[in-house]
>>> print(open('coords07.cif').read())   # mmCIF, C-alpha atoms
data_coords
#
loop_
_atom_site.label_atom_id
_atom_site.label_comp_id
_atom_site.auth_asym_id
_atom_site.auth_seq_id
_atom_site.Cartn_x
_atom_site.Cartn_y
_atom_site.Cartn_z
CA GLY A 92 40.40 28.71 24.53
CA SER A 93 42.91 29.22 21.69
CA GLU A 94 41.71 26.24 19.64
CA LYS A 95 40.42 27.29 16.24
CA ALA A 96 37.38 25.84 14.58
CA PRO A 97 37.97 23.91 11.34
CA VAL A 98 37.77 26.02 8.20
CA GLY A 99 34.25 26.31 6.83
CA ARG A 100 32.58 25.26 10.05
CA PHE A 101 31.17 27.36 12.86
CA PRO A 102 32.45 27.01 16.44
CA GLY A 103 30.56 24.30 18.29
CA GLN A 104 29.56 22.50 15.08
CA ARG A 105 32.46 20.06 14.73
CA ASN A 106 30.33 17.03 15.64
CA ARG A 107 27.26 17.84 13.59
CA GLY A 108 28.68 16.95 10.20
CA ILE A 109 27.10 20.02 8.55
CA MET A 110 29.64 22.30 6.91
CA MET A 111 29.28 25.57 5.06
CA GLU A 112 30.62 23.82 1.93
CA ASN A 113 27.47 21.72 1.50
CA MET A 114 24.76 23.93 3.01
CA PHE A 115 22.35 25.98 0.89
CA GLY A 116 20.00 28.60 2.34
CA VAL A 117 16.88 29.34 0.29
CA ASP A 118 14.44 32.23 0.51
CA VAL A 119 11.20 31.29 -1.25
CA ALA A 120 9.10 33.64 -3.39
CA LYS A 121 6.08 32.93 -5.58
CA ASN A 122 7.87 32.40 -8.91
CA TRP A 123 11.51 31.88 -7.90
CA VAL A 124 13.84 31.18 -5.00
CA ASP A 125 16.94 33.05 -3.88
CA VAL A 126 19.79 30.72 -2.98
CA VAL A 127 22.94 31.44 -0.99
CA GLY A 128 25.37 28.53 -1.11
CA PRO A 129 29.07 27.78 -1.24
CA ASP A 130 29.37 29.61 -4.57
CA GLY A 131 27.48 32.73 -3.49
CA HIS A 132 24.03 34.01 -4.43
CA GLU A 133 21.84 32.94 -7.33
CA ARG A 134 18.17 33.27 -8.27
CA VAL A 135 16.46 30.10 -9.52
CA ASN A 136 13.13 30.16 -11.32
CA ASN A 137 10.54 27.59 -10.28
CA ASP A 138 10.89 25.87 -13.68
CA ASP A 139 14.54 25.15 -12.86
CA LEU A 140 14.07 23.78 -9.33
CA LYS A 141 14.58 20.15 -10.40
CA ALA A 142 17.92 21.00 -12.00
CA PHE A 143 18.91 22.96 -8.89
CA ALA A 144 18.01 20.02 -6.63
CA LEU A 145 20.06 17.64 -8.78
CA ARG A 146 23.07 19.99 -8.58
CA VAL A 147 22.78 20.08 -4.79
CA GLY A 148 22.45 16.31 -4.67
CA LYS A 149 25.65 15.82 -6.67
CA ARG A 150 27.49 17.89 -4.04
CA SER A 151 25.90 15.85 -1.20
CA GLY A 152 24.38 19.12 -0.07
CA CYS A 153 21.59 20.08 2.32
CA VAL A 154 18.95 22.77 1.83
CA ALA A 155 17.28 24.93 4.46
CA PHE A 156 14.24 27.03 3.59
CA GLU A 157 11.43 28.95 5.26
CA ALA A 158 7.83 27.84 5.38
CA SER A 159 6.11 30.29 3.03
CA GLY A 160 2.41 29.51 3.07
CA GLY A 161 2.66 26.78 0.42
CA TYR A 162 4.99 28.56 -2.01
CA GLU A 163 7.75 26.24 -0.79
CA THR A 164 5.89 23.13 -2.05
CA PRO A 165 7.59 22.94 -5.51
CA LEU A 166 11.01 23.29 -3.89
CA ARG A 167 10.27 20.64 -1.32
CA ALA A 168 8.99 18.24 -4.00
CA ALA A 169 12.09 18.79 -6.18
CA LEU A 170 14.41 18.15 -3.22
CA ALA A 171 12.52 14.98 -2.29
CA ASP A 172 12.74 13.65 -5.85
CA ALA A 173 16.49 14.32 -5.86
CA GLY A 174 16.99 12.75 -2.42
CA VAL A 175 18.36 15.98 -0.94
CA PRO A 176 17.99 16.44 2.85
CA ALA A 177 15.91 19.51 3.68
CA MET A 178 15.16 21.60 6.75
CA ARG A 179 12.05 23.78 6.99
CA ILE A 180 12.35 26.82 9.26
CA ASN A 181 9.68 28.92 10.94
CA PRO A 182 9.95 32.47 9.46
CA ARG A 183 9.53 34.11 12.88
CA ARG A 184 12.39 32.05 14.24
CA ALA A 185 14.58 32.96 11.26
CA ARG A 186 13.84 36.68 11.72
CA ALA A 187 14.64 36.44 15.43
CA PHE A 188 17.93 34.69 14.58
CA ALA A 189 18.80 37.46 12.11
CA THR A 190 18.06 40.12 14.73
CA SER A 191 20.26 38.33 17.26
CA LEU A 192 23.12 38.56 14.77
CA GLY A 193 22.48 42.26 14.19
CA ARG A 194 21.23 41.64 10.64
CA LEU A 195 18.45 44.23 10.57
CA ALA A 196 18.32 44.64 6.79
CA LYS A 197 15.79 42.40 5.04
CA THR A 198 16.14 41.39 1.40
CA ASP A 199 15.67 38.04 -0.31
CA ARG A 200 19.42 37.61 -0.59
CA VAL A 201 20.04 38.55 3.05
CA ASP A 202 17.27 36.22 4.21
CA ALA A 203 18.73 33.30 2.25
CA GLY A 204 22.13 33.92 3.82
CA VAL A 205 20.63 34.08 7.31
CA ILE A 206 18.76 30.81 6.72
CA ARG A 207 21.99 29.15 5.61
CA GLU A 208 23.88 30.38 8.65
CA MET A 209 21.03 29.37 10.96
CA ALA A 210 21.01 25.83 9.55
CA VAL A 211 24.73 25.44 10.21
CA ARG A 212 24.76 26.94 13.70
CA LEU A 213 21.63 25.31 15.11
CA ASP A 214 20.56 21.71 15.49
CA LEU A 215 17.55 21.87 13.15
CA PRO A 216 15.49 18.74 12.46
CA GLU A 217 15.32 17.36 8.95
CA CYS A 218 12.00 17.76 7.17
CA PRO A 219 11.34 14.39 5.50
CA PRO A 220 9.26 14.30 2.30
CA GLU A 221 5.57 13.63 2.80
CA PRO A 222 3.83 10.63 1.24
CA LYS A 223 1.62 11.63 -1.69
CA GLU A 224 -1.56 10.64 0.12
CA VAL A 225 -0.67 12.91 3.05
CA SER A 226 0.07 15.83 0.71
CA HIS A 227 -3.26 15.26 -1.03
CA LEU A 228 -5.10 15.07 2.29
CA LYS A 229 -3.38 18.24 3.51
CA ALA A 230 -4.48 20.11 0.37
CA LEU A 231 -8.08 18.95 0.84
CA GLN A 232 -8.00 19.87 4.53
CA LEU A 233 -6.69 23.35 3.71
CA ARG A 234 -9.39 23.87 1.11
CA ARG A 235 -12.08 22.76 3.56
CA ARG A 236 -10.81 25.21 6.16
CA GLN A 237 -10.91 28.03 3.60
CA LEU A 238 -14.49 27.21 2.62
CA VAL A 239 -15.60 27.00 6.26
CA GLU A 240 -14.11 30.44 6.95
CA ASP A 241 -15.88 31.86 3.89
CA ALA A 242 -19.16 30.30 5.04
CA LYS A 243 -18.76 31.89 8.49
CA ARG A 244 -18.33 35.30 6.91
CA GLU A 245 -21.39 34.81 4.69
CA LYS A 246 -23.50 33.82 7.70
CA ILE A 247 -22.49 37.05 9.44
CA ARG A 248 -23.40 39.04 6.33
CA LEU A 249 -26.76 37.28 6.13
CA GLY A 250 -27.54 38.40 9.67
CA GLN A 251 -26.52 41.96 8.88
CA ALA A 252 -28.27 42.34 5.52
CA SER A 253 -31.77 43.84 5.41
CA ASP A 254 -32.32 44.30 1.67
CA LYS A 255 -34.16 41.35 0.11
CA ALA A 256 -31.95 41.20 -2.98
CA ALA A 257 -28.79 41.31 -0.85
CA CYS A 258 -30.15 38.58 1.45
CA ALA A 259 -30.98 36.39 -1.54
CA SER A 260 -27.45 36.84 -2.92
CA VAL A 261 -25.83 35.93 0.37
CA ALA A 262 -28.10 32.90 0.72
CA ARG A 263 -27.12 31.65 -2.75
CA VAL A 264 -23.42 32.02 -2.02
CA LEU A 265 -23.84 30.32 1.36
CA LYS A 266 -25.67 27.41 -0.27
CA LEU A 267 -22.88 27.05 -2.83
CA LEU A 268 -20.22 27.06 -0.10
CA GLN A 269 -22.09 24.40 1.87
CA ARG A 270 -22.27 22.19 -1.24
CA GLU A 271 -18.53 22.63 -1.79
CA ILE A 272 -17.78 21.74 1.84
CA SER A 273 -19.87 18.60 1.47
CA SER A 274 -18.00 17.73 -1.74
CA ILE A 275 -14.62 18.21 -0.03
CA ASP A 276 -15.77 16.05 2.90
CA THR A 277 -16.53 13.27 0.42
CA ALA A 278 -13.12 13.66 -1.21
CA ILE A 279 -11.41 13.57 2.20
CA ALA A 280 -13.25 10.38 3.15
CA LYS A 281 -12.18 8.74 -0.14
CA CYS A 282 -8.58 9.87 0.34
CA ILE A 283 -8.42 8.33 3.82
CA ALA A 284 -10.16 5.13 2.76
CA ALA A 285 -7.73 4.68 -0.16
CA SER A 286 -4.72 4.54 2.19
CA LYS A 287 -4.50 1.69 4.70
CA ASP A 288 -2.16 3.68 6.93
CA LEU A 289 -4.43 6.73 7.01
CA ALA A 290 -7.54 4.60 7.46
CA ASP A 291 -6.02 2.67 10.37
CA ARG A 292 -4.81 5.83 12.10
CA ALA A 293 -8.16 7.54 11.58
CA ALA A 294 -9.99 4.55 13.07
CA LEU A 295 -7.77 4.66 16.17
CA LEU A 296 -8.22 8.41 16.60
CA ARG A 297 -12.00 8.13 16.27
CA THR A 298 -12.11 5.86 19.35
CA ALA A 299 -11.19 8.86 21.54
CA PRO A 300 -13.92 11.11 22.99
CA GLY A 301 -14.49 14.34 21.10
CA VAL A 302 -12.56 13.19 18.03
CA GLY A 303 -14.88 13.16 15.05
CA PRO A 304 -14.20 13.15 11.29
CA VAL A 305 -13.08 16.80 11.21
CA SER A 306 -10.60 16.61 14.09
CA ALA A 307 -9.28 13.20 12.97
CA THR A 308 -8.65 14.58 9.49
CA ALA A 309 -6.94 17.67 10.93
CA LEU A 310 -4.61 15.47 12.97
CA LEU A 311 -3.74 13.24 10.02
CA ALA A 312 -3.10 16.18 7.69
CA GLU A 313 -1.57 18.79 9.98
CA MET A 314 0.33 16.59 12.43
CA PRO A 315 1.72 13.62 10.51
CA GLU A 316 4.41 13.36 13.23
CA LEU A 317 1.77 12.12 15.69
CA GLY A 318 3.00 8.97 17.39
CA THR A 319 6.69 9.85 17.10
CA LEU A 320 6.78 12.74 19.59
CA THR A 321 7.25 13.06 23.33
CA PRO A 322 4.36 14.52 25.39
CA ARG A 323 6.15 17.89 25.61
CA GLN A 324 6.90 17.94 21.89
CA VAL A 325 3.36 17.14 20.81
CA ALA A 326 1.90 19.78 23.14
CA ALA A 327 4.36 22.41 21.90
CA LEU A 328 3.77 21.55 18.25
CA ALA A 329 0.04 22.18 18.67
CA GLY A 330 0.66 25.34 20.69
CA LEU A 331 -0.93 23.83 23.80
CA ALA A 332 2.12 23.98 26.08
CA PRO A 333 1.88 26.74 28.72
CA MET A 334 4.85 29.09 28.50
CA ALA A 335 6.39 30.72 31.56
CA LYS A 336 6.61 34.53 31.76
CA ASP A 337 8.70 35.01 34.92
CA SER A 338 11.23 37.73 35.64
CA GLY A 339 12.94 38.37 38.98
CA LEU A 340 10.32 38.27 41.73
CA ARG A 341 7.50 38.50 39.23
CA SER A 342 5.71 35.27 38.34
CA GLY A 343 3.69 35.89 35.19
CA LYS A 344 0.61 34.05 34.05
CA ARG A 345 1.32 31.01 31.88
CA ARG A 346 -0.16 31.26 28.42
CA ILE A 347 -0.27 29.01 25.39
CA GLY A 348 0.86 30.18 21.97
CA GLY A 349 2.80 29.39 18.85
CA GLY A 350 2.51 26.01 17.22
CA ARG A 351 -0.05 25.13 14.57
CA LYS A 352 -2.98 27.42 15.29
CA SER A 353 -5.44 25.93 12.82
CA LEU A 354 -4.92 22.51 14.39
CA ARG A 355 -5.18 23.95 17.90
CA ASP A 356 -8.54 25.52 17.05
CA VAL A 357 -9.92 22.14 15.92
CA LEU A 358 -8.46 20.33 18.93
CA TYR A 359 -9.98 22.87 21.32
CA MET A 360 -13.45 21.93 20.09
CA ALA A 361 -12.56 18.25 20.50
CA GLY A 362 -11.38 18.96 24.04
CA LEU A 363 -14.58 20.84 24.79
CA SER A 364 -16.63 17.84 23.69
CA ALA A 365 -14.38 15.38 25.53
CA ALA A 366 -14.65 17.37 28.79
CA THR A 367 -18.41 16.96 28.57
CA ASN A 368 -18.75 13.36 27.40
CA ASP A 369 -15.79 11.46 28.87
CA PRO A 370 -16.11 10.78 32.63
CA SER A 371 -12.37 10.78 33.35
CA LEU A 372 -11.71 14.00 31.42
CA ARG A 373 -14.81 15.62 32.90
CA ALA A 374 -13.54 14.78 36.40
CA PHE A 375 -10.12 16.21 35.45
CA SER A 376 -11.76 19.43 34.25
CA ASP A 377 -13.88 19.68 37.40
CA ARG A 378 -10.79 19.32 39.62
CA LEU A 379 -9.02 22.10 37.78
CA ARG A 380 -11.98 24.43 38.12
CA GLU A 381 -12.32 23.61 41.83
CA ASN A 382 -8.65 24.58 42.18
CA GLY A 383 -9.34 28.01 40.75
CA LYS A 384 -8.73 27.54 37.04
CA ALA A 385 -10.97 29.47 34.66
CA PRO A 386 -13.31 27.35 32.48
CA LYS A 387 -11.27 28.05 29.34
CA GLN A 388 -8.02 27.14 31.11
CA ALA A 389 -9.57 23.86 32.17
CA ILE A 390 -10.64 23.06 28.60
CA ILE A 391 -7.14 23.85 27.31
CA ALA A 392 -5.67 21.48 29.88
CA VAL A 393 -8.18 18.80 28.84
CA THR A 394 -7.26 19.36 25.19
CA ARG A 395 -3.56 19.00 25.99
CA LYS A 396 -4.21 15.80 27.95
CA LEU A 397 -6.34 14.43 25.12
CA LEU A 398 -3.66 15.19 22.51
CA ILE A 399 -0.94 13.52 24.59
CA ASN A 400 -3.20 10.46 24.88
CA LEU A 401 -3.80 10.47 21.10
CA ASN A 402 -0.04 10.59 20.51
CA ALA A 403 0.42 7.54 22.75
CA MET A 404 -2.44 5.72 21.02
CA ILE A 405 -0.82 6.09 17.60
CA ARG A 406 2.62 5.18 18.94
CA GLU A 407 1.33 2.04 20.67
CA ASN A 408 -1.30 1.22 18.03
CA ARG A 409 -4.10 0.93 20.57
CA PRO A 410 -7.59 2.42 20.93
CA TYR A 411 -8.48 5.03 23.50
CA ALA A 412 -8.56 4.02 27.16
CA PRO A 413 -9.62 6.49 29.90
CA SER A 414 -6.71 7.44 32.17
#
>>> encode(input="coords07.cif", output="structure tokens")
Amino acid sequence: GSEKAPVGRFPGQRNRGIMMENMFGVDVAKNWVDVVGPDGHERVNNDDLKAFALRVGKRSGCVAFEASGGYETPLRAALADAGVPAMRINPRRARAFATSLGRLAKTDRVDAGVIREMAVRLDLPECPPEPKEVSHLKALQLRRRQLVEDAKREKIRLGQASDKAACASVARVLKLLQREISSIDTAIAKCIAASKDLADRAALLRTAPGVGPVSATALLAEMPELGTLTPRQVAALAGLAPMAKDSGLRSGKRRIGGGRKSLRDVLYMAGLSAATNDPSLRAFSDRLRENGKAPKQAIIAVTRKLLINLNAMIRENRPYAPS
């Protein structure tokens, strides 16, 4: 009870090997990053990120940063080139950690300090650098998703418009978007075909019911960890794990949430197709509905079961086999 923690290390962290002296917390903005490290606070412009990463590397340091909608990409690339270990943190989790410490103020400098402290106190996984082909595929997948969302909005506008000139304008834009989506699909196919690893994984995924080109691409781009996770981890990462909401005598309804929503949306459509076309998954869905589950709950369960099977397929390098 009276034992003191070593200087520079938080209580309970003596066996983790991460010390305050080599940890850097980074808050990412569009044109610069705010860094809180052993020497205090500094602001680093994006043009100087490579020099910053090299400085951290010379100190055998680690960097923790928030996911910031893509703005963190230059930082992550600079750290990878310098061989610096990095940890990417969910912003909601970082804000919850700050609140738990009573840090209610929010500035770039405060956020960087909280990220640094969070990385030292918690057992956060390292975020390894992505292969270039995966980064390229992810960028193409993101662009396709943006174009599809724009096309959905234009279709709604086309149904709402009554003026001929307005309808003609919407139709032209919709036609342009559809051509762009087709062009991106071609680029995605070339990207996958150019990489043996991606091509082999895509071929395995496509053997599963409901998994077409779109869902296979989403899995390759948005869940590169597939095949290295446990069933619970892969379900949680996609936001398909039901979360308990119990308190005292009250037993709340389990709901899914969190995770990678864009991937979950694609997988739900794959699960919907699989529940219709695969006999074993259709029987599983029917049993759930007979036991009182709502149709949507049954499809979510099918989607979770399908994803767990896909994870095992990639891990074991085998095609789909009905369970």
>>> closest_residue(input="coords07.cif", among="A:Lys384, A:Arg236, A:Arg406, A:Arg292", to="Val357 in chain A", atoms="all atoms listed in the file")
A:Arg236
>>> residues_near_point(input="coords07.cif", point="(15.4, 21.7, -10.5)", cutoff="10 Å", atoms="all atoms listed in the file", output="compact mmCIF listing (two decimals) with C-alpha atoms, in the frame of the given file")
# COMPACT_ATOMS: atom_id res chain seq x y z
CA VAL A 135 16.46 30.10 -9.52
CA ASN A 136 13.13 30.16 -11.32
CA ASN A 137 10.54 27.59 -10.28
CA ASP A 138 10.89 25.87 -13.68
CA ASP A 139 14.54 25.15 -12.86
CA LEU A 140 14.07 23.78 -9.33
CA LYS A 141 14.58 20.15 -10.40
CA ALA A 142 17.92 21.00 -12.00
CA PHE A 143 18.91 22.96 -8.89
CA ALA A 144 18.01 20.02 -6.63
CA LEU A 145 20.06 17.64 -8.78
CA ARG A 146 23.07 19.99 -8.58
CA VAL A 147 22.78 20.08 -4.79
CA PRO A 165 7.59 22.94 -5.51
CA LEU A 166 11.01 23.29 -3.89
CA ALA A 168 8.99 18.24 -4.00
CA ALA A 169 12.09 18.79 -6.18
CA LEU A 170 14.41 18.15 -3.22
CA ASP A 172 12.74 13.65 -5.85
CA ALA A 173 16.49 14.32 -5.86
>>> resolve_selection(input="coords07.cif", expression="the PyMOL selection byres ((chain A and resi 395) around 9)", output="PyMOL selection string")
chain A and resi 325-326+329+331-332+358-359+362+390-394+396-400
>>> write_last_selection(input="coords07.cif", atoms="C-alpha atoms", output="PDB file, keeping the file's coordinate frame")
ATOM      1  CA  VAL A 325       3.360  17.140  20.810  1.00  0.00           C
ATOM      2  CA  ALA A 326       1.900  19.780  23.140  1.00  0.00           C
ATOM      3  CA  ALA A 329       0.040  22.180  18.670  1.00  0.00           C
ATOM      4  CA  LEU A 331      -0.930  23.830  23.800  1.00  0.00           C
ATOM      5  CA  ALA A 332       2.120  23.980  26.080  1.00  0.00           C
ATOM      6  CA  LEU A 358      -8.460  20.330  18.930  1.00  0.00           C
ATOM      7  CA  TYR A 359      -9.980  22.870  21.320  1.00  0.00           C
ATOM      8  CA  GLY A 362     -11.380  18.960  24.040  1.00  0.00           C
ATOM      9  CA  ILE A 390     -10.640  23.060  28.600  1.00  0.00           C
ATOM     10  CA  ILE A 391      -7.140  23.850  27.310  1.00  0.00           C
ATOM     11  CA  ALA A 392      -5.670  21.480  29.880  1.00  0.00           C
ATOM     12  CA  VAL A 393      -8.180  18.800  28.840  1.00  0.00           C
ATOM     13  CA  THR A 394      -7.260  19.360  25.190  1.00  0.00           C
ATOM     14  CA  LYS A 396      -4.210  15.800  27.950  1.00  0.00           C
ATOM     15  CA  LEU A 397      -6.340  14.430  25.120  1.00  0.00           C
ATOM     16  CA  LEU A 398      -3.660  15.190  22.510  1.00  0.00           C
ATOM     17  CA  ILE A 399      -0.940  13.520  24.590  1.00  0.00           C
ATOM     18  CA  ASN A 400      -3.200  10.460  24.880  1.00  0.00           C
TER      19      ASN A 400
END
>>> residues_near_point(input="coords07.cif", point="(3.3, 9.6, 21.2)", cutoff="12 Å", atoms="only C-alpha atoms", output="list of chain:residue names")
A:Met314, A:Pro315, A:Glu316, A:Leu317, A:Gly318, A:Thr319, A:Leu320, A:Thr321, A:Pro322, A:Arg323, A:Gln324, A:Val325, A:Ala326, A:Lys396, A:Leu397, A:Leu398, A:Ile399, A:Asn400, A:Leu401, A:Asn402, A:Ala403, A:Met404, A:Ile405, A:Arg406, A:Glu407, A:Asn408, A:Arg409
>>> write_last_selection(input="coords07.cif", atoms="C-alpha atoms", output="PDB file, in the frame of the given file")
ATOM      1  CA  MET A 314       0.330  16.590  12.430  1.00  0.00           C
ATOM      2  CA  PRO A 315       1.720  13.620  10.510  1.00  0.00           C
ATOM      3  CA  GLU A 316       4.410  13.360  13.230  1.00  0.00           C
ATOM      4  CA  LEU A 317       1.770  12.120  15.690  1.00  0.00           C
ATOM      5  CA  GLY A 318       3.000   8.970  17.390  1.00  0.00           C
ATOM      6  CA  THR A 319       6.690   9.850  17.100  1.00  0.00           C
ATOM      7  CA  LEU A 320       6.780  12.740  19.590  1.00  0.00           C
ATOM      8  CA  THR A 321       7.250  13.060  23.330  1.00  0.00           C
ATOM      9  CA  PRO A 322       4.360  14.520  25.390  1.00  0.00           C
ATOM     10  CA  ARG A 323       6.150  17.890  25.610  1.00  0.00           C
ATOM     11  CA  GLN A 324       6.900  17.940  21.890  1.00  0.00           C
ATOM     12  CA  VAL A 325       3.360  17.140  20.810  1.00  0.00           C
ATOM     13  CA  ALA A 326       1.900  19.780  23.140  1.00  0.00           C
ATOM     14  CA  LYS A 396      -4.210  15.800  27.950  1.00  0.00           C
ATOM     15  CA  LEU A 397      -6.340  14.430  25.120  1.00  0.00           C
ATOM     16  CA  LEU A 398      -3.660  15.190  22.510  1.00  0.00           C
ATOM     17  CA  ILE A 399      -0.940  13.520  24.590  1.00  0.00           C
ATOM     18  CA  ASN A 400      -3.200  10.460  24.880  1.00  0.00           C
ATOM     19  CA  LEU A 401      -3.800  10.470  21.100  1.00  0.00           C
ATOM     20  CA  ASN A 402      -0.040  10.590  20.510  1.00  0.00           C
ATOM     21  CA  ALA A 403       0.420   7.540  22.750  1.00  0.00           C
ATOM     22  CA  MET A 404      -2.440   5.720  21.020  1.00  0.00           C
ATOM     23  CA  ILE A 405      -0.820   6.090  17.600  1.00  0.00           C
ATOM     24  CA  ARG A 406       2.620   5.180  18.940  1.00  0.00           C
ATOM     25  CA  GLU A 407       1.330   2.040  20.670  1.00  0.00           C
ATOM     26  CA  ASN A 408      -1.300   1.220  18.030  1.00  0.00           C
ATOM     27  CA  ARG A 409      -4.100   0.930  20.570  1.00  0.00           C
TER      28      ARG A 409
END
>>> resolve_selection(input="coords07.cif", expression="the PyMOL selection byres ((chain A and resi 157) around 6)", output="list in words")
Phe156, Ala158, Ser159, Arg179, Ile180, Asn181 and Pro182 of chain A
>>> closest_residue(input="coords07.cif", among="A:Val127, A:Ala280, A:Ala412, A:Ala293", to="Glu112 in chain A", atoms="all atoms listed in the file")
A:Val127
>>> atom_distance(input="coords07.cif", atom1="CA of Asp125 in chain A", atom2="CA of Arg194 in chain A")
17.4 Å
>>> resolve_selection(input="coords07.cif", expression="the PyMOL selection byres ((chain A and resi 366) around 9)", output="ChimeraX atom specification")
/A:300-301,361-365,367-377,389-390,393-394
>>> write_last_selection(input="coords07.cif", atoms="C-alpha atoms", output="compact mmCIF listing (two decimals), keeping the file's coordinate frame")
# COMPACT_ATOMS: atom_id res chain seq x y z
CA PRO A 300 -13.92 11.11 22.99
CA GLY A 301 -14.49 14.34 21.10
CA ALA A 361 -12.56 18.25 20.50
CA GLY A 362 -11.38 18.96 24.04
CA LEU A 363 -14.58 20.84 24.79
CA SER A 364 -16.63 17.84 23.69
CA ALA A 365 -14.38 15.38 25.53
CA THR A 367 -18.41 16.96 28.57
CA ASN A 368 -18.75 13.36 27.40
CA ASP A 369 -15.79 11.46 28.87
CA PRO A 370 -16.11 10.78 32.63
CA SER A 371 -12.37 10.78 33.35
CA LEU A 372 -11.71 14.00 31.42
CA ARG A 373 -14.81 15.62 32.90
CA ALA A 374 -13.54 14.78 36.40
CA PHE A 375 -10.12 16.21 35.45
CA SER A 376 -11.76 19.43 34.25
CA ASP A 377 -13.88 19.68 37.40
CA ALA A 389 -9.57 23.86 32.17
CA ILE A 390 -10.64 23.06 28.60
CA VAL A 393 -8.18 18.80 28.84
CA THR A 394 -7.26 19.36 25.19
>>> atom_distance(input="coords07.cif", atom1="CA of Lys229 in chain A", atom2="CA of Gly116 in chain A")
25.6 Å
>>> atom_distance(input="coords07.cif", atom1="CA of Arg212 in chain A", atom2="CA of Arg186 in chain A")
14.8 Å
>>> residues_around(input="coords07.cif", residues="Glu240 in chain A", least_positions_apart="4", cutoff="12 Å", atoms="all atoms listed in the file", output="compact mmCIF listing (two decimals) with C-alpha atoms, in the frame of the given file")
# COMPACT_ATOMS: atom_id res chain seq x y z
CA LEU A 233 -6.69 23.35 3.71
CA ARG A 234 -9.39 23.87 1.11
CA ARG A 235 -12.08 22.76 3.56
CA ARG A 236 -10.81 25.21 6.16
CA ARG A 244 -18.33 35.30 6.91
CA GLU A 245 -21.39 34.81 4.69
CA LYS A 246 -23.50 33.82 7.70
CA ILE A 247 -22.49 37.05 9.44
CA LEU A 265 -23.84 30.32 1.36
CA LEU A 268 -20.22 27.06 -0.10
CA GLN A 269 -22.09 24.40 1.87
CA ILE A 272 -17.78 21.74 1.84
CA SER A 353 -5.44 25.93 12.82
>>> closest_residue(input="coords07.cif", among="A:Leu354, A:Ala171, A:Val305, A:Ala256", to="Pro222 in chain A", atoms="all atoms listed in the file")
A:Ala171
>>> closest_residue(input="coords07.cif", among="A:Ala284, A:Pro333, A:Tyr162, A:Gly174", to="Gln388 in chain A", atoms="all atoms listed in the file")
A:Pro333
>>> closest_residue(input="coords07.cif", among="A:Met360, A:Ala307, A:Ala177, A:Val205", to="Glu221 in chain A", atoms="only C-alpha atoms")
A:Ala177
>>> residues_around(input="coords07.cif", residues="His227 in chain A", least_positions_apart="2", cutoff="12 Å", atoms="only C-alpha atoms", output="mmCIF file with C-alpha atoms, in the coordinates of the input")
data_model
loop_
_atom_site.group_PDB
_atom_site.id
_atom_site.type_symbol
_atom_site.label_atom_id
_atom_site.label_comp_id
_atom_site.auth_asym_id
_atom_site.auth_seq_id
_atom_site.Cartn_x
_atom_site.Cartn_y
_atom_site.Cartn_z
ATOM 1 C CA GLU A 221 5.570 13.630 2.800
ATOM 2 C CA PRO A 222 3.830 10.630 1.240
ATOM 3 C CA LYS A 223 1.620 11.630 -1.690
ATOM 4 C CA GLU A 224 -1.560 10.640 0.120
ATOM 5 C CA VAL A 225 -0.670 12.910 3.050
ATOM 6 C CA LYS A 229 -3.380 18.240 3.510
ATOM 7 C CA ALA A 230 -4.480 20.110 0.370
ATOM 8 C CA LEU A 231 -8.080 18.950 0.840
ATOM 9 C CA GLN A 232 -8.000 19.870 4.530
ATOM 10 C CA LEU A 233 -6.690 23.350 3.710
ATOM 11 C CA ARG A 234 -9.390 23.870 1.110
ATOM 12 C CA ILE A 275 -14.620 18.210 -0.030
ATOM 13 C CA ALA A 278 -13.120 13.660 -1.210
ATOM 14 C CA ILE A 279 -11.410 13.570 2.200
ATOM 15 C CA ALA A 280 -13.250 10.380 3.150
ATOM 16 C CA LYS A 281 -12.180 8.740 -0.140
ATOM 17 C CA CYS A 282 -8.580 9.870 0.340
ATOM 18 C CA ILE A 283 -8.420 8.330 3.820
ATOM 19 C CA ALA A 285 -7.730 4.680 -0.160
ATOM 20 C CA SER A 286 -4.720 4.540 2.190
ATOM 21 C CA LEU A 289 -4.430 6.730 7.010
ATOM 22 C CA THR A 308 -8.650 14.580 9.490
ATOM 23 C CA LEU A 311 -3.740 13.240 10.020
ATOM 24 C CA ALA A 312 -3.100 16.180 7.690
ATOM 25 C CA GLU A 313 -1.570 18.790 9.980
#
>>> build_atoms(input="coords07.cif", residues="range 303-307 of chain A", atoms="N, CA, C and O atoms", output="compact mmCIF listing (two decimals), in the frame of the given file")
# COMPACT_ATOMS: atom_id res chain seq x y z
N GLY A 303 -14.00 13.54 16.14
CA GLY A 303 -14.88 13.16 15.05
C GLY A 303 -14.14 13.20 13.73
O GLY A 303 -12.90 13.31 13.68
N PRO A 304 -14.86 13.14 12.61
CA PRO A 304 -14.20 13.15 11.29
C PRO A 304 -13.34 14.39 11.05
O PRO A 304 -12.26 14.28 10.48
N VAL A 305 -13.81 15.56 11.48
CA VAL A 305 -13.08 16.80 11.21
C VAL A 305 -11.76 16.84 11.99
O VAL A 305 -10.69 17.13 11.43
N SER A 306 -11.82 16.55 13.28
CA SER A 306 -10.60 16.61 14.09
C SER A 306 -9.65 15.47 13.74
O SER A 306 -8.42 15.67 13.76
N ALA A 307 -10.16 14.30 13.38
CA ALA A 307 -9.28 13.20 12.97
C ALA A 307 -8.54 13.56 11.68
O ALA A 307 -7.34 13.32 11.55
